[in-house]
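The structure file entry-v1.cif is reproduced below (mmCIF, C-alpha atoms and all ligand atoms).
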data_target
#
loop_
_atom_site.label_atom_id
_atom_site.label_comp_id
_atom_site.auth_asym_id
_atom_site.auth_seq_id
_atom_site.Cartn_x
_atom_site.Cartn_y
_atom_site.Cartn_z
CA MET A 21 65.01 106.18 100.69
CA SER A 22 67.68 107.98 102.62
CA ASN A 23 69.43 110.85 100.92
CA ASP A 24 72.22 110.83 103.49
CA ALA A 25 75.44 111.56 101.57
CA ILE A 26 77.44 108.79 103.22
CA VAL A 27 74.69 106.21 102.76
CA LEU A 28 74.44 107.12 99.05
CA LEU A 29 78.18 106.89 98.48
CA LYS A 30 78.37 103.55 100.30
CA GLU A 31 75.62 102.20 98.02
CA ASP A 32 77.79 103.11 95.03
CA HIS A 33 80.77 101.39 96.66
CA LYS A 34 78.72 98.25 97.16
CA ALA A 35 77.64 98.24 93.52
CA VAL A 36 81.17 98.66 92.22
CA ARG A 37 82.53 95.98 94.55
CA LYS A 38 79.90 93.60 93.22
CA LEU A 39 81.32 94.25 89.74
CA PHE A 40 84.84 93.62 91.08
CA ARG A 41 83.71 90.17 92.28
CA GLN A 42 82.15 89.52 88.87
CA PHE A 43 85.44 90.44 87.23
CA HIS A 44 87.27 87.85 89.31
CA ALA A 45 84.59 85.17 88.78
CA GLN A 46 85.56 82.20 86.64
CA GLY A 47 84.44 82.50 83.04
CA SER A 48 83.20 86.11 83.30
CA ASP A 49 83.20 88.33 80.23
CA LYS A 50 86.02 90.57 81.49
CA GLY A 51 85.63 93.15 78.73
CA ALA A 52 81.93 93.65 79.51
CA VAL A 53 82.49 93.78 83.26
CA VAL A 54 85.31 96.31 82.88
CA SER A 55 83.06 98.52 80.72
CA ARG A 56 80.52 98.61 83.52
CA ILE A 57 83.21 99.25 86.14
CA LEU A 58 84.49 102.22 84.11
CA GLU A 59 81.02 103.65 83.82
CA GLU A 60 80.28 103.27 87.55
CA LEU A 61 83.62 104.76 88.54
CA THR A 62 83.27 107.67 86.11
CA VAL A 63 79.96 108.73 87.68
CA HIS A 64 81.02 108.05 91.27
CA THR A 65 84.34 109.88 91.01
CA TYR A 66 82.59 112.82 89.35
CA ILE A 67 80.05 113.29 92.14
CA GLU A 68 82.70 112.95 94.85
CA ASN A 69 85.02 115.40 93.07
CA GLU A 70 82.27 117.91 92.35
CA VAL A 71 80.26 117.72 95.57
CA MET A 72 81.45 115.53 98.44
CA TYR A 73 85.13 116.41 98.56
CA PRO A 74 84.79 120.21 98.17
CA ARG A 75 81.93 120.34 100.69
CA VAL A 76 83.81 118.27 103.27
CA ARG A 77 86.96 120.29 102.70
CA GLU A 78 85.01 123.45 103.42
CA LEU A 79 83.00 122.14 106.38
CA VAL A 80 85.58 119.89 108.10
CA PRO A 81 88.98 121.58 107.70
CA ASP A 82 90.66 118.90 109.85
CA LEU A 83 90.16 116.44 106.99
CA GLU A 84 92.09 118.55 104.47
CA GLN A 85 94.96 116.03 104.10
CA ASP A 86 92.61 113.05 103.76
CA ILE A 87 90.70 114.86 101.03
CA LEU A 88 93.87 115.80 99.17
CA GLU A 89 95.07 112.19 99.31
CA SER A 90 91.70 110.97 98.09
CA PHE A 91 91.80 113.39 95.14
CA GLU A 92 95.19 111.93 94.19
CA GLU A 93 93.80 108.40 94.40
CA HIS A 94 90.94 109.43 92.10
CA HIS A 95 93.52 110.83 89.72
CA VAL A 96 95.43 107.52 89.58
CA ALA A 97 92.17 105.61 89.06
CA ASP A 98 91.19 108.05 86.26
CA LEU A 99 94.46 107.39 84.45
CA LEU A 100 94.00 103.63 84.69
CA CYS A 101 90.37 103.92 83.52
CA ALA A 102 91.37 106.05 80.53
CA GLU A 103 94.05 103.54 79.56
CA LEU A 104 91.66 100.60 79.92
CA ALA A 105 89.03 102.38 77.84
CA GLY A 106 91.47 102.56 74.96
CA MET A 107 92.49 98.92 75.21
CA ASP A 108 91.20 95.76 73.62
CA PRO A 109 90.12 93.12 76.18
CA GLY A 110 92.29 90.69 74.24
CA ASP A 111 95.42 92.72 75.01
CA GLU A 112 97.84 90.80 77.22
CA ARG A 113 97.97 93.75 79.66
CA PHE A 114 94.20 94.21 79.94
CA THR A 115 93.51 91.84 82.85
CA ALA A 116 96.65 92.98 84.69
CA LYS A 117 95.70 96.65 84.35
CA ALA A 118 92.11 96.01 85.40
CA THR A 119 93.37 94.07 88.43
CA VAL A 120 95.58 97.00 89.46
CA LEU A 121 92.62 99.38 89.06
CA ILE A 122 90.48 97.13 91.26
CA GLU A 123 93.19 96.87 93.94
CA ASN A 124 93.63 100.64 93.97
CA VAL A 125 89.92 101.39 94.19
CA ASP A 126 89.43 98.74 96.89
CA HIS A 127 92.10 100.41 99.00
CA HIS A 128 90.58 103.83 98.30
CA ILE A 129 87.09 102.72 99.34
CA ASP A 130 88.52 101.19 102.53
CA GLU A 131 90.09 104.54 103.40
CA GLU A 132 86.92 106.49 102.68
CA GLU A 133 84.67 104.16 104.63
CA GLY A 134 87.12 103.24 107.37
CA GLU A 135 89.04 106.43 107.94
CA TRP A 136 87.38 109.64 107.00
CA PHE A 137 83.66 109.09 106.32
CA PRO A 138 83.14 108.30 110.03
CA LYS A 139 84.83 111.59 110.92
CA VAL A 140 82.53 113.42 108.50
CA ARG A 141 79.51 111.79 110.14
CA GLU A 142 80.79 112.90 113.56
CA ALA A 143 81.48 116.46 112.44
CA LEU A 144 78.31 117.15 110.45
CA GLY A 145 74.67 116.99 111.43
CA ARG A 146 72.06 114.81 109.78
CA LYS A 147 70.59 117.81 108.04
CA GLU A 148 73.89 118.77 106.45
CA LEU A 149 74.52 115.22 105.27
CA GLN A 150 71.01 115.12 103.75
CA GLU A 151 71.68 118.38 101.96
CA ILE A 152 74.99 117.10 100.55
CA GLY A 153 73.19 113.89 99.58
CA GLU A 154 70.68 115.86 97.55
CA GLN A 155 73.52 117.67 95.80
CA LEU A 156 75.14 114.30 95.06
CA LEU A 157 71.92 113.06 93.45
CA GLU A 158 71.68 116.23 91.38
CA ALA A 159 75.30 115.88 90.23
CA LYS A 160 74.61 112.28 89.28
CA GLN A 161 72.04 113.49 86.74
CA LYS A 162 74.58 115.53 84.84
CA ALA A 163 77.61 113.30 85.41
CA PRO A 164 79.44 112.11 82.30
CA ARG A 165 79.04 108.43 81.47
CA GLU A 166 81.99 108.22 79.22
CA LEU A 167 81.32 104.74 77.91
CA SER A 168 78.40 106.05 75.89
CA GLN A 169 80.92 108.36 74.22
CA PRO A 170 83.72 106.01 73.21
CA GLY A 171 85.32 108.76 71.09
CA ALA A 172 85.84 110.98 74.13
CA LEU A 173 87.25 108.08 76.11
CA ARG A 174 89.61 107.14 73.33
CA LYS A 175 90.80 110.75 73.20
CA ALA A 176 91.36 110.77 76.98
CA ALA A 177 93.33 107.54 76.72
CA ASP A 178 95.42 108.93 73.86
CA ALA A 179 96.18 112.05 75.89
CA VAL A 180 97.37 109.90 78.81
CA LEU A 181 99.46 107.61 76.64
CA SER A 182 101.08 110.25 74.43
FE FE B 1 86.45 108.24 96.20
FE FE B 2 83.78 106.75 97.05
#
Transcribe the structure of this file into structure tokens.
Ligand SMILES: [Fe+2]
Ligand SMILES: [Fe+2]
Amino acid sequence: MSNDAIVLLKEDHKAVRKLFRQFHAQGSDKGAVVSRILEELTVHTYIENEVMYPRVRELVPDLEQDILESFEEHHVADLLCAELAGMDPGDERFTAKATVLIENVDHHIDEEEGEWFPKVREALGRKELQEIGEQLLEAKQKAPRELSQPGALRKAADAVLS
């Protein structure tokens, strides 16, 4: 299996987009699908924030603005995730909020894959991307999976909403 950083991150994107399709499928259990989306996004955002973004920022200074914009997009997604985590799937705003989260993340993934990941691949050698990939895998081990700690999620949601 390749440990190339970009390959690993694209695998995560594929997995989360599969969940997005499940969310939109007729008759899906939207509450259960959203729980899985929140868990996937929590881990993925963590490893990008902790490893990919800082490393790229350091190694490819030309991408500074793209990285800063991506951090902001993560921030918006985090707020939506925290709100969703504190909501009941029966709430009239639940599906609307989840749809906005999905639209935002879809756009964000398009920018990563279409705009700046290719520039990272151009700027860095295979060896560097492998090394970052290994750091991503390591970070994944210690990443929070907030859904297993509903209390923490509820607290995060309360902090956002208060
Ligand atoms: Fe991202
Ligand atoms: Fe990503």
**Request:** Give the residue list for ligand FE 2 (chain B) at 8 Å, counting all atoms listed in the file, as a list in words, sorted by chain and then by residue number.
**Result:** Leu29, Lys30, Asp32, His33, His64, Thr65, Glu68, His128, Ile129 and Glu132 of chain A
Given all atoms listed in the file, how would the per-residue table for chain A near ligand FE 1 (chain B) read, listing every residue at most 12 Å away with its closest atom pair and distance in Å to one decimal, sorted by chain and number, as CSV?
residue,atom,partner,partner_atom,distance
A:Ile26,CA,B:FE1,FE,11.4
A:Leu29,CA,B:FE1,FE,8.7
A:Lys30,CA,B:FE1,FE,10.2
A:Asp32,CA,B:FE1,FE,10.1
A:His33,CA,B:FE1,FE,8.9
A:Val36,CA,B:FE1,FE,11.6
A:Glu60,CA,B:FE1,FE,11.7
A:Leu61,CA,B:FE1,FE,8.9
A:Thr62,CA,B:FE1,FE,10.6
A:Val63,CA,B:FE1,FE,10.7
A:His64,CA,B:FE1,FE,7.3
A:Thr65,CA,B:FE1,FE,5.8
A:Tyr66,CA,B:FE1,FE,9.1
A:Ile67,CA,B:FE1,FE,9.1
A:Glu68,CA,B:FE1,FE,6.2
A:Asn69,CA,B:FE1,FE,7.9
A:Glu70,CA,B:FE1,FE,11.2
A:Val71,CA,B:FE1,FE,11.3
A:Met72,CA,B:FE1,FE,9.1
A:Tyr73,CA,B:FE1,FE,8.6
A:Asp86,CA,B:FE1,FE,10.9
A:Ile87,CA,B:FE1,FE,9.2
A:Leu88,CA,B:FE1,FE,11.0
A:Glu89,CA,B:FE1,FE,10.0
A:Ser90,CA,B:FE1,FE,6.2
A:Phe91,CA,B:FE1,FE,7.5
A:Glu92,CA,B:FE1,FE,9.7
A:Glu93,CA,B:FE1,FE,7.6
A:His94,CA,B:FE1,FE,6.2
A:His95,CA,B:FE1,FE,9.9
A:Val96,CA,B:FE1,FE,11.2
A:Ala97,CA,B:FE1,FE,9.5
A:Asp98,CA,B:FE1,FE,11.0
A:Asn124,CA,B:FE1,FE,10.7
A:Val125,CA,B:FE1,FE,7.9
A:Asp126,CA,B:FE1,FE,10.0
A:His127,CA,B:FE1,FE,10.1
A:His128,CA,B:FE1,FE,6.4
A:Ile129,CA,B:FE1,FE,6.4
A:Asp130,CA,B:FE1,FE,9.7
A:Glu131,CA,B:FE1,FE,8.9
A:Glu132,CA,B:FE1,FE,6.7
A:Glu133,CA,B:FE1,FE,9.5
A:Trp136,CA,B:FE1,FE,10.9
A:Phe137,CA,B:FE1,FE,10.5
**Prompt:** A:Ser55: which residues within 9 Å, counting all atoms listed in the file, same-chain residues fewer than 3 positions away excluded, as a VMD selection string?
**Reply:** chain A and resid 50 to 52 58 to 60 104 to 105 167
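Taking atom CA of A:Lys162 and atom CA of A:Leu121 as endpoints, the distance between them is 24.6 Å.
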**Asked** Residues at most 8 Å from A:Ser22, counting only C-alpha atoms, excluding those fewer than 5 positions away in the same chain, as a ChimeraX atom specification?
**Response** /A:27-28,150
Could you please take those selected residues and save C-alpha atoms as a short mmCIF file (atom, residue, chain, number, x, y, z; two decimals), keeping the file's coordinate frame?
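Heads up, here's the output in selection-v3.cif:
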data_model
loop_
_atom_site.label_atom_id
_atom_site.label_comp_id
_atom_site.auth_asym_id
_atom_site.auth_seq_id
_atom_site.Cartn_x
_atom_site.Cartn_y
_atom_site.Cartn_z
CA VAL A 27 74.69 106.21 102.76
CA LEU A 28 74.44 107.12 99.05
CA GLN A 150 71.01 115.12 103.75
#
